[in-house]
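Text of coords.cif (mmCIF, C-alpha atoms; chains and numbers go by the auth columns) as supplied:
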```
data_start
#
loop_
_atom_site.group_PDB
_atom_site.id
_atom_site.type_symbol
_atom_site.label_atom_id
_atom_site.label_comp_id
_atom_site.label_asym_id
_atom_site.label_seq_id
_atom_site.Cartn_x
_atom_site.Cartn_y
_atom_site.Cartn_z
_atom_site.B_iso_or_equiv
_atom_site.auth_seq_id
_atom_site.auth_asym_id
ATOM 1 C CA MET A 1 83.157 133.967 60.178 0.00 1 A
ATOM 2 C CA THR A 2 84.921 130.748 61.094 0.00 2 A
ATOM 3 C CA HIS A 3 83.039 128.516 63.542 0.00 3 A
ATOM 4 C CA THR A 4 84.903 125.953 65.626 0.00 4 A
ATOM 5 C CA PRO A 5 83.738 123.654 68.452 0.00 5 A
ATOM 6 C CA ASP A 6 84.516 124.210 72.108 0.00 6 A
ATOM 7 C CA ILE A 7 85.739 121.484 74.473 0.00 7 A
ATOM 8 C CA LYS A 8 84.248 119.778 77.520 0.00 8 A
ATOM 9 C CA ARG A 9 86.300 120.757 80.571 0.00 9 A
ATOM 10 C CA PRO A 10 86.961 118.623 83.658 0.00 10 A
ATOM 11 C CA PRO A 11 86.548 120.056 87.192 0.00 11 A
ATOM 12 C CA ARG A 12 89.262 122.563 88.058 0.00 12 A
ATOM 13 C CA ALA A 13 89.971 120.779 91.342 0.00 13 A
ATOM 14 C CA LEU A 14 90.779 117.582 89.446 0.00 14 A
ATOM 15 C CA CYS A 15 93.293 119.393 87.238 0.00 15 A
ATOM 16 C CA GLU A 16 94.936 121.097 90.207 0.00 16 A
ATOM 17 C CA ALA A 17 95.333 117.758 91.972 0.00 17 A
ATOM 18 C CA LEU A 18 96.851 116.164 88.873 0.00 18 A
ATOM 19 C CA ALA A 19 99.340 119.023 88.559 0.00 19 A
ATOM 20 C CA ALA A 20 100.627 118.049 92.020 0.00 20 A
ATOM 21 C CA VAL A 21 100.986 114.430 90.882 0.00 21 A
ATOM 22 C CA GLY A 22 103.419 115.362 88.090 0.00 22 A
ATOM 23 C CA SER A 23 104.139 113.940 84.662 0.00 23 A
ATOM 24 C CA ALA A 24 106.501 111.129 85.704 0.00 24 A
ATOM 25 C CA THR A 25 104.091 109.555 88.175 0.00 25 A
ATOM 26 C CA ALA A 26 101.218 110.054 85.740 0.00 26 A
ATOM 27 C CA ALA A 27 103.086 108.351 82.888 0.00 27 A
ATOM 28 C CA GLY A 28 104.011 105.403 85.090 0.00 28 A
ATOM 29 C CA GLU A 29 100.520 104.946 86.488 0.00 29 A
ATOM 30 C CA LEU A 30 98.906 105.274 83.065 0.00 30 A
ATOM 31 C CA ASN A 31 101.224 102.531 81.871 0.00 31 A
ATOM 32 C CA GLN A 32 99.918 100.314 84.675 0.00 32 A
ATOM 33 C CA MET A 33 96.388 101.241 83.574 0.00 33 A
ATOM 34 C CA GLY A 34 97.094 100.015 80.031 0.00 34 A
ATOM 35 C CA LEU A 35 98.350 103.089 78.168 0.00 35 A
ATOM 36 C CA ARG A 36 101.902 102.236 77.202 0.00 36 A
ATOM 37 C CA ASP A 37 103.189 105.687 76.238 0.00 37 A
ATOM 38 C CA THR A 38 101.428 109.022 76.782 0.00 38 A
ATOM 39 C CA PHE A 39 104.536 111.235 76.587 0.00 39 A
ATOM 40 C CA ILE A 40 104.550 114.079 74.046 0.00 40 A
ATOM 41 C CA ARG A 41 107.982 113.816 72.419 0.00 41 A
ATOM 42 C CA GLY A 42 109.882 116.787 71.059 0.00 42 A
ATOM 43 C CA PRO A 43 108.544 119.762 73.020 0.00 43 A
ATOM 44 C CA VAL A 44 110.820 120.544 75.963 0.00 44 A
ATOM 45 C CA PRO A 45 110.210 122.796 78.987 0.00 45 A
ATOM 46 C CA TYR A 46 111.274 126.375 78.297 0.00 46 A
ATOM 47 C CA THR A 47 109.919 127.633 81.627 0.00 47 A
ATOM 48 C CA ARG A 48 111.596 125.527 84.286 0.00 48 A
ATOM 49 C CA GLY A 49 109.830 125.075 87.590 0.00 49 A
ATOM 50 C CA ARG A 50 106.304 125.129 86.161 0.00 50 A
ATOM 51 C CA SER A 51 103.927 122.293 87.003 0.00 51 A
ATOM 52 C CA ILE A 52 100.499 122.547 85.398 0.00 52 A
ATOM 53 C CA ALA A 53 97.540 120.415 84.390 0.00 53 A
ATOM 54 C CA GLY A 54 94.535 121.436 82.342 0.00 54 A
ATOM 55 C CA PRO A 55 92.274 120.555 79.426 0.00 55 A
ATOM 56 C CA ALA A 56 93.636 120.624 75.893 0.00 56 A
ATOM 57 C CA LEU A 57 92.485 123.057 73.266 0.00 57 A
ATOM 58 C CA THR A 58 93.822 121.480 70.072 0.00 58 A
ATOM 59 C CA LEU A 59 95.075 123.076 66.872 0.00 59 A
ATOM 60 C CA GLN A 60 96.096 121.046 63.844 0.00 60 A
ATOM 61 C CA PHE A 61 98.457 122.208 61.088 0.00 61 A
ATOM 62 C CA MET A 62 98.858 120.643 57.639 0.00 62 A
ATOM 63 C CA PRO A 63 101.393 121.037 54.820 0.00 63 A
ATOM 64 C CA LYS A 64 100.962 124.336 53.021 0.00 64 A
ATOM 65 C CA ARG A 65 99.145 124.227 49.682 0.00 65 A
ATOM 66 C CA GLU A 66 98.432 127.519 47.981 0.00 66 A
ATOM 67 C CA ASP A 67 95.033 126.606 46.528 0.00 67 A
ATOM 68 C CA VAL A 68 93.847 125.940 50.085 0.00 68 A
ATOM 69 C CA TYR A 69 95.641 128.782 51.847 0.00 69 A
ATOM 70 C CA GLY A 70 96.440 131.723 49.615 0.00 70 A
ATOM 71 C CA ALA A 71 98.382 134.932 50.080 0.00 71 A
ATOM 72 C CA ASN A 72 95.154 136.844 50.788 0.00 72 A
ATOM 73 C CA GLU A 73 94.427 135.055 54.078 0.00 73 A
ATOM 74 C CA TYR A 74 95.824 138.016 56.003 0.00 74 A
ATOM 75 C CA ASP A 75 93.326 140.390 54.323 0.00 75 A
ATOM 76 C CA ASP A 76 90.714 139.200 56.820 0.00 76 A
ATOM 77 C CA PRO A 77 92.109 138.391 60.268 0.00 77 A
ATOM 78 C CA GLU A 78 89.031 136.267 61.061 0.00 78 A
ATOM 79 C CA ALA A 79 90.057 133.869 58.316 0.00 79 A
ATOM 80 C CA GLN A 80 93.142 132.970 60.342 0.00 80 A
ATOM 81 C CA LEU A 81 92.175 129.709 61.982 0.00 81 A
ATOM 82 C CA HIS A 82 94.858 129.781 64.674 0.00 82 A
ATOM 83 C CA ARG A 83 93.085 132.788 66.205 0.00 83 A
ATOM 84 C CA HIS A 84 89.920 130.747 66.620 0.00 84 A
ATOM 85 C CA ALA A 85 91.681 128.111 68.695 0.00 85 A
ATOM 86 C CA LEU A 86 92.491 130.833 71.217 0.00 86 A
ATOM 87 C CA TYR A 87 89.005 132.351 71.164 0.00 87 A
ATOM 88 C CA HIS A 88 87.818 129.340 73.189 0.00 88 A
ATOM 89 C CA THR A 89 90.284 129.989 76.029 0.00 89 A
ATOM 90 C CA GLN A 90 89.015 129.683 79.593 0.00 90 A
ATOM 91 C CA GLU A 91 90.854 129.742 82.904 0.00 91 A
ATOM 92 C CA GLY A 92 93.297 126.843 83.171 0.00 92 A
ATOM 93 C CA ASP A 93 93.261 125.771 79.508 0.00 93 A
ATOM 94 C CA ILE A 94 96.348 124.477 77.706 0.00 94 A
ATOM 95 C CA ILE A 95 96.785 124.980 73.951 0.00 95 A
ATOM 96 C CA VAL A 96 98.239 121.891 72.254 0.00 96 A
ATOM 97 C CA VAL A 97 99.400 122.230 68.660 0.00 97 A
ATOM 98 C CA ASP A 98 100.219 119.632 66.036 0.00 98 A
ATOM 99 C CA ALA A 99 102.795 121.678 64.117 0.00 99 A
ATOM 100 C CA ARG A 100 104.190 118.595 62.346 0.00 100 A
ATOM 101 C CA GLY A 101 107.547 119.098 64.076 0.00 101 A
ATOM 102 C CA ASP A 102 108.205 122.080 61.799 0.00 102 A
ATOM 103 C CA MET A 103 111.078 124.264 63.001 0.00 103 A
ATOM 104 C CA THR A 104 110.570 127.213 60.642 0.00 104 A
ATOM 105 C CA SER A 105 107.073 128.496 61.451 0.00 105 A
ATOM 106 C CA GLY A 106 106.279 130.462 64.607 0.00 106 A
ATOM 107 C CA ILE A 107 102.842 129.146 65.541 0.00 107 A
ATOM 108 C CA PHE A 108 102.060 131.985 67.947 0.00 108 A
ATOM 109 C CA GLY A 109 103.738 135.284 68.730 0.00 109 A
ATOM 110 C CA SER A 110 103.527 137.682 71.633 0.00 110 A
ATOM 111 C CA MET A 111 100.189 139.268 70.676 0.00 111 A
ATOM 112 C CA MET A 112 98.307 135.986 70.359 0.00 112 A
ATOM 113 C CA LEU A 113 99.826 134.600 73.526 0.00 113 A
ATOM 114 C CA SER A 114 99.185 137.819 75.444 0.00 114 A
ATOM 115 C CA TYR A 115 95.513 137.289 74.602 0.00 115 A
ATOM 116 C CA PHE A 116 95.740 133.642 75.685 0.00 116 A
ATOM 117 C CA ALA A 117 97.355 134.586 78.998 0.00 117 A
ATOM 118 C CA GLY A 118 94.849 137.371 79.573 0.00 118 A
ATOM 119 C CA LYS A 119 91.982 134.903 79.189 0.00 119 A
ATOM 120 C CA GLY A 120 93.481 132.606 81.795 0.00 120 A
ATOM 121 C CA GLY A 121 95.405 130.148 79.629 0.00 121 A
ATOM 122 C CA LYS A 122 98.127 128.272 81.529 0.00 122 A
ATOM 123 C CA GLY A 123 100.322 126.426 79.070 0.00 123 A
ATOM 124 C CA VAL A 124 101.521 126.094 75.489 0.00 124 A
ATOM 125 C CA ILE A 125 102.508 122.694 74.045 0.00 125 A
ATOM 126 C CA ILE A 126 103.809 122.787 70.457 0.00 126 A
ATOM 127 C CA ASP A 127 105.812 120.249 68.473 0.00 127 A
ATOM 128 C CA GLY A 128 107.265 123.285 66.731 0.00 128 A
ATOM 129 C CA CYS A 129 108.147 126.894 67.461 0.00 129 A
ATOM 130 C CA ILE A 130 106.944 130.243 68.726 0.00 130 A
ATOM 131 C CA ARG A 131 108.153 133.697 67.672 0.00 131 A
ATOM 132 C CA ASP A 132 108.684 136.909 69.676 0.00 132 A
ATOM 133 C CA SER A 133 110.153 134.593 72.271 0.00 133 A
ATOM 134 C CA ALA A 134 111.563 137.262 74.599 0.00 134 A
ATOM 135 C CA GLN A 135 108.140 138.880 75.017 0.00 135 A
ATOM 136 C CA CYS A 136 106.346 135.531 75.173 0.00 136 A
ATOM 137 C CA LEU A 137 108.558 134.262 77.972 0.00 137 A
ATOM 138 C CA GLU A 138 107.660 137.323 80.058 0.00 138 A
ATOM 139 C CA LEU A 139 104.009 136.183 80.105 0.00 139 A
ATOM 140 C CA ASP A 140 102.602 134.081 82.944 0.00 140 A
ATOM 141 C CA LEU A 141 102.542 130.926 80.836 0.00 141 A
ATOM 142 C CA GLY A 142 104.328 127.604 80.797 0.00 142 A
ATOM 143 C CA TYR A 143 105.986 126.654 77.499 0.00 143 A
ATOM 144 C CA TRP A 144 106.796 123.189 76.176 0.00 144 A
ATOM 145 C CA ILE A 145 108.058 123.771 72.636 0.00 145 A
ATOM 146 C CA LYS A 146 110.761 122.574 70.250 0.00 146 A
ATOM 147 C CA GLY A 147 112.300 125.980 69.634 0.00 147 A
ATOM 148 C CA VAL A 148 111.917 129.551 68.443 0.00 148 A
ATOM 149 C CA THR A 149 111.966 131.286 65.062 0.00 149 A
ATOM 150 C CA PRO A 150 111.499 134.801 63.628 0.00 150 A
ATOM 151 C CA ASN A 151 108.989 133.529 61.032 0.00 151 A
ATOM 152 C CA TYR A 152 105.228 133.875 61.374 0.00 152 A
ATOM 153 C CA HIS A 153 102.947 130.845 61.365 0.00 153 A
ATOM 154 C CA THR A 154 102.267 130.409 57.628 0.00 154 A
ATOM 155 C CA GLN A 155 105.415 132.000 56.276 0.00 155 A
ATOM 156 C CA THR A 156 106.995 128.730 55.218 0.00 156 A
ATOM 157 C CA ASN A 157 105.703 125.160 55.154 0.00 157 A
ATOM 158 C CA ILE A 158 102.522 124.716 57.185 0.00 158 A
ATOM 159 C CA ILE A 159 99.022 126.148 57.598 0.00 159 A
ATOM 160 C CA PRO A 160 96.391 125.934 60.362 0.00 160 A
ATOM 161 C CA PHE A 161 93.796 123.374 59.354 0.00 161 A
ATOM 162 C CA ALA A 162 91.435 122.423 62.199 0.00 162 A
ATOM 163 C CA VAL A 163 90.531 123.435 65.748 0.00 163 A
ATOM 164 C CA ASN A 164 89.490 121.127 68.598 0.00 164 A
ATOM 165 C CA VAL A 165 89.850 117.895 66.671 0.00 165 A
ATOM 166 C CA PRO A 166 91.991 114.866 67.608 0.00 166 A
ATOM 167 C CA ILE A 167 95.627 115.615 66.792 0.00 167 A
ATOM 168 C CA ALA A 168 99.040 113.964 66.888 0.00 168 A
ATOM 169 C CA CYS A 169 101.442 116.125 68.873 0.00 169 A
ATOM 170 C CA GLY A 170 104.935 114.758 69.329 0.00 170 A
ATOM 171 C CA GLU A 171 103.780 111.228 68.404 0.00 171 A
ATOM 172 C CA ALA A 172 101.020 111.308 71.038 0.00 172 A
ATOM 173 C CA LEU A 173 97.300 111.223 70.292 0.00 173 A
ATOM 174 C CA VAL A 174 95.531 114.168 71.936 0.00 174 A
ATOM 175 C CA TYR A 175 91.769 114.564 71.959 0.00 175 A
ATOM 176 C CA PRO A 176 90.266 117.985 72.650 0.00 176 A
ATOM 177 C CA GLY A 177 89.453 118.076 76.356 0.00 177 A
ATOM 178 C CA ASP A 178 92.115 115.529 77.333 0.00 178 A
ATOM 179 C CA ILE A 179 94.026 116.648 80.411 0.00 179 A
ATOM 180 C CA ILE A 180 97.666 117.577 79.900 0.00 180 A
ATOM 181 C CA ILE A 181 100.102 117.301 82.809 0.00 181 A
ATOM 182 C CA ALA A 182 103.296 119.230 82.112 0.00 182 A
ATOM 183 C CA ASP A 183 106.360 119.980 84.229 0.00 183 A
ATOM 184 C CA ASP A 184 110.150 119.816 84.026 0.00 184 A
ATOM 185 C CA ASP A 185 110.009 116.197 82.793 0.00 185 A
ATOM 186 C CA GLY A 186 107.782 117.094 79.832 0.00 186 A
ATOM 187 C CA ALA A 187 104.113 116.795 78.916 0.00 187 A
ATOM 188 C CA VAL A 188 101.837 113.765 79.317 0.00 188 A
ATOM 189 C CA VAL A 189 98.334 113.185 77.908 0.00 189 A
ATOM 190 C CA VAL A 190 95.643 111.936 80.305 0.00 190 A
ATOM 191 C CA PRO A 191 92.387 110.756 78.696 0.00 191 A
ATOM 192 C CA ALA A 192 89.593 112.630 80.451 0.00 192 A
ATOM 193 C CA ALA A 193 87.703 109.419 81.245 0.00 193 A
ATOM 194 C CA MET A 194 90.726 107.993 83.092 0.00 194 A
ATOM 195 C CA ALA A 195 91.665 111.113 85.052 0.00 195 A
ATOM 196 C CA GLN A 196 89.851 110.366 88.312 0.00 196 A
ATOM 197 C CA GLU A 197 91.189 106.825 88.554 0.00 197 A
ATOM 198 C CA LEU A 198 94.672 108.096 87.740 0.00 198 A
ATOM 199 C CA LEU A 199 94.439 110.637 90.539 0.00 199 A
ATOM 200 C CA GLU A 200 93.418 108.001 93.077 0.00 200 A
ATOM 201 C CA ARG A 201 96.226 105.659 92.087 0.00 201 A
ATOM 202 C CA ALA A 202 98.822 108.399 91.795 0.00 202 A
ATOM 203 C CA THR A 203 98.001 109.961 95.160 0.00 203 A
ATOM 204 C CA HIS A 204 98.887 106.695 96.890 0.00 204 A
ATOM 205 C CA HIS A 205 102.038 106.431 94.767 0.00 205 A
ATOM 206 C CA VAL A 206 103.159 109.971 95.628 0.00 206 A
ATOM 207 C CA GLU A 207 102.612 109.350 99.346 0.00 207 A
ATOM 208 C CA TRP A 208 104.701 106.196 99.561 0.00 208 A
ATOM 209 C CA GLU A 209 107.421 107.720 97.374 0.00 209 A
ATOM 210 C CA GLU A 210 107.641 110.663 99.771 0.00 210 A
ATOM 211 C CA PHE A 211 108.073 108.251 102.668 0.00 211 A
ATOM 212 C CA THR A 212 110.601 106.156 100.741 0.00 212 A
ATOM 213 C CA ARG A 213 112.625 109.197 99.693 0.00 213 A
ATOM 214 C CA MET A 214 112.864 110.268 103.333 0.00 214 A
ATOM 215 C CA LYS A 215 114.076 106.799 104.377 0.00 215 A
ATOM 216 C CA LEU A 216 116.652 106.567 101.588 0.00 216 A
ATOM 217 C CA LEU A 217 118.068 109.981 102.511 0.00 217 A
ATOM 218 C CA GLN A 218 118.474 108.599 106.033 0.00 218 A
ATOM 219 C CA GLY A 219 120.595 105.769 104.635 0.00 219 A
ATOM 220 C CA ALA A 220 117.941 103.033 104.698 0.00 220 A
ATOM 221 C CA ASP A 221 118.124 99.863 102.604 0.00 221 A
ATOM 222 C CA LEU A 222 117.100 100.439 98.968 0.00 222 A
ATOM 223 C CA ARG A 223 115.930 96.823 98.705 0.00 223 A
ATOM 224 C CA LYS A 224 113.484 97.281 101.570 0.00 224 A
ATOM 225 C CA TYR A 225 112.059 100.681 100.700 0.00 225 A
ATOM 226 C CA TYR A 226 112.103 100.934 96.898 0.00 226 A
ATOM 227 C CA PRO A 227 109.772 99.489 95.956 0.00 227 A
ATOM 228 C CA LEU A 228 108.155 99.310 99.374 0.00 228 A
ATOM 229 C CA ARG A 229 108.383 95.773 100.741 0.00 229 A
ATOM 230 C CA GLU A 230 105.682 94.244 102.912 0.00 230 A
ATOM 231 C CA ASP A 231 107.945 94.320 105.992 0.00 231 A
ATOM 232 C CA ALA A 232 108.172 98.116 105.606 0.00 232 A
ATOM 233 C CA ARG A 233 104.465 98.699 105.079 0.00 233 A
ATOM 234 C CA GLY A 234 103.595 98.945 108.770 0.00 234 A
ATOM 235 C CA GLU A 235 106.229 101.644 109.189 0.00 235 A
ATOM 236 C CA TYR A 236 104.838 103.479 106.167 0.00 236 A
ATOM 237 C CA GLU A 237 101.263 103.314 107.455 0.00 237 A
ATOM 238 C CA ALA A 238 102.365 104.693 110.836 0.00 238 A
ATOM 239 C CA TRP A 239 104.169 107.560 109.076 0.00 239 A
ATOM 240 C CA ARG A 240 101.101 108.214 106.942 0.00 240 A
ATOM 241 C CA THR A 241 98.845 108.362 109.997 0.00 241 A
ATOM 242 C CA ALA A 242 101.239 110.756 111.699 0.00 242 A
ATOM 243 C CA GLN A 243 101.307 112.993 108.625 0.00 243 A
ATOM 244 C CA ALA A 244 97.516 113.099 108.521 0.00 244 A
ATOM 245 C CA SER A 245 97.307 114.041 112.215 0.00 245 A
ATOM 246 C CA HIS A 246 99.635 116.983 111.606 0.00 246 A
ATOM 247 C CA GLY A 247 97.355 118.384 109.056 0.00 247 A
#
```
Rewrite the structure from the file as structure tokens, please.
Amino acid sequence: MTHTPDIKRPPRALCEALAAVGSATAAGELNQMGLRDTFIRGPVPYTRGRSIAGPALTLQFMPKREDVYGANEYDDPEAQLHRHALYHTQEGDIIVVDARGDMTSGIFGSMMLSYFAGKGGKGVIIDGCIRDSAQCLELDLGYWIKGVTPNYHTQTNIIPFAVNVPIACGEALVYPGDIIIADDDGAVVVPAAMAQELLERATHHVEWEEFTRMKLLQGADLRKYYPLREDARGEYEAWRTAQASHG
């Protein structure tokens, strides 16, 4: 039996609040907090309109070498390490896979991802591909992937190597338990220790952007409202108070 570590999960309410913040605001605020680039490059949104945030279960692939991963691995399903990454799934989790950018191996198919969805998983981030894509896209999951393929996960160039270890996915460092924010702009990594501060900063940012967007749509001066100048701050604070009073 293969034994792999679980992750430490943040409060669900924190993840739900960060999902509302969105990846663009999160990336910008994290930059101001000292993290220059937290964007996972390569995977693109295949399920438009989804906005999720949750802790990362991580799965690492390595180049295939037959003395390490032989043809008999499928004789015992429990020897298949990619299954064990999904065994840890809890409500709200996101599976993040370092697939080395490989475009020929389908990391998960419909059966594995049906299990993941049934356990409450919310999102799939892979710098590579899935298979059985038609069935997978019918599941209640968000997908940020590079593409699709008919091949199974070890058919060609890569093999699963480790579960819930630090990985590099799309040139971004992801620790198990980091919070991923993913939406139509892509996926961003939030270190768990910085999540609460990010939320506090981003909430203020989202509020003033909402006010500014309203003013710009009314034809207001871009120079005054974006970014918000001091002579517009009183107007913003009055709007904010009015919004709070309405509920």
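Pairwise distance (atom CA of Glu235 of chain A, atom CA of Glu16 of chain A) equals 29.4 Å.
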Original post:
So which residues get picked by the PyMOL selection byres ((chain A and resi 96-111) around 7) here, written as an NGL selection string?
Top reply: :A and (56-61 or 94-95 or 112-115 or 124-132 or 135-136 or 147-156 or 167-169)
Subject >> Counting only C-alpha atoms, the option among A:Ile7, A:Ile145, A:Leu35, A:Ala193 closest to His88 of chain A >> reply: A:Ile7
Non-local contacts of Gly22 of chain A (10 Å; all atoms listed in the file; under 5 positions in same chain excluded) as a tab-separated table (two decimals) with C-alpha atoms, keeping the file's coordinate frame:
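Below is the file that was written, around.tsv:
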```tsv
chain	number	residue	atom	x	y	z
A	17	ALA	CA	95.33	117.76	91.97
A	27	ALA	CA	103.09	108.35	82.89
A	51	SER	CA	103.93	122.29	87.00
A	52	ILE	CA	100.50	122.55	85.40
A	53	ALA	CA	97.54	120.42	84.39
A	181	ILE	CA	100.10	117.30	82.81
A	182	ALA	CA	103.30	119.23	82.11
A	183	ASP	CA	106.36	119.98	84.23
A	184	ASP	CA	110.15	119.82	84.03
A	185	ASP	CA	110.01	116.20	82.79
A	186	GLY	CA	107.78	117.09	79.83
A	187	ALA	CA	104.11	116.80	78.92
A	188	VAL	CA	101.84	113.76	79.32
A	202	ALA	CA	98.82	108.40	91.80
A	206	VAL	CA	103.16	109.97	95.63
```
Original post:
the PyMOL selection byres ((chain A and resi 29) around 12) on the file shown: which residues, as a ChimeraX atom specification?
Top reply: /A:21-28,30-38,188,190,194-195,197-206
Subject >> Chain and number of each residue from the PyMOL selection byres ((chain A and resi 84) around 12), as a ChimeraX atom specification >> reply: /A:1-6,57-60,77-83,85-89,95,112,115-116,160-164
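The smallest atom-to-atom distance between Tyr46 of chain A and any of A:Pro227, A:Gly123, A:Pro166, A:Pro176, using only C-alpha atoms, is found for A:Gly123.
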Original post:
If we count all atoms listed in the file, what is near Ile158 of chain A at a cut-off of 6 Å, once residues fewer than 4 positions away on the same chain are taken out, given as a list in words?
Top reply: Met62, Pro63, Lys64 and Thr154 of chain A
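As for atom CA of Gly170 of chain A and atom CA of Lys8 of chain A, they are spaced 22.8 Å apart.
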Original post:
Taking into account only C-alpha atoms, which residue in the set A:Ala192, A:Glu237, A:Tyr69, A:Ala220 is nearest to Asp178 of chain A?
Top reply: A:Ala192
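Distance-wise, atom CA of Leu139 of chain A and atom CA of Ala117 of chain A end up 6.9 Å apart.
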Original post:
In terms of the shortest atom-to-atom distance over all atoms listed in the file, which of A:Gly49, A:Gly234, A:Gly219, A:Pro10 is closest to Gln196 of chain A?
Top reply: A:Pro10
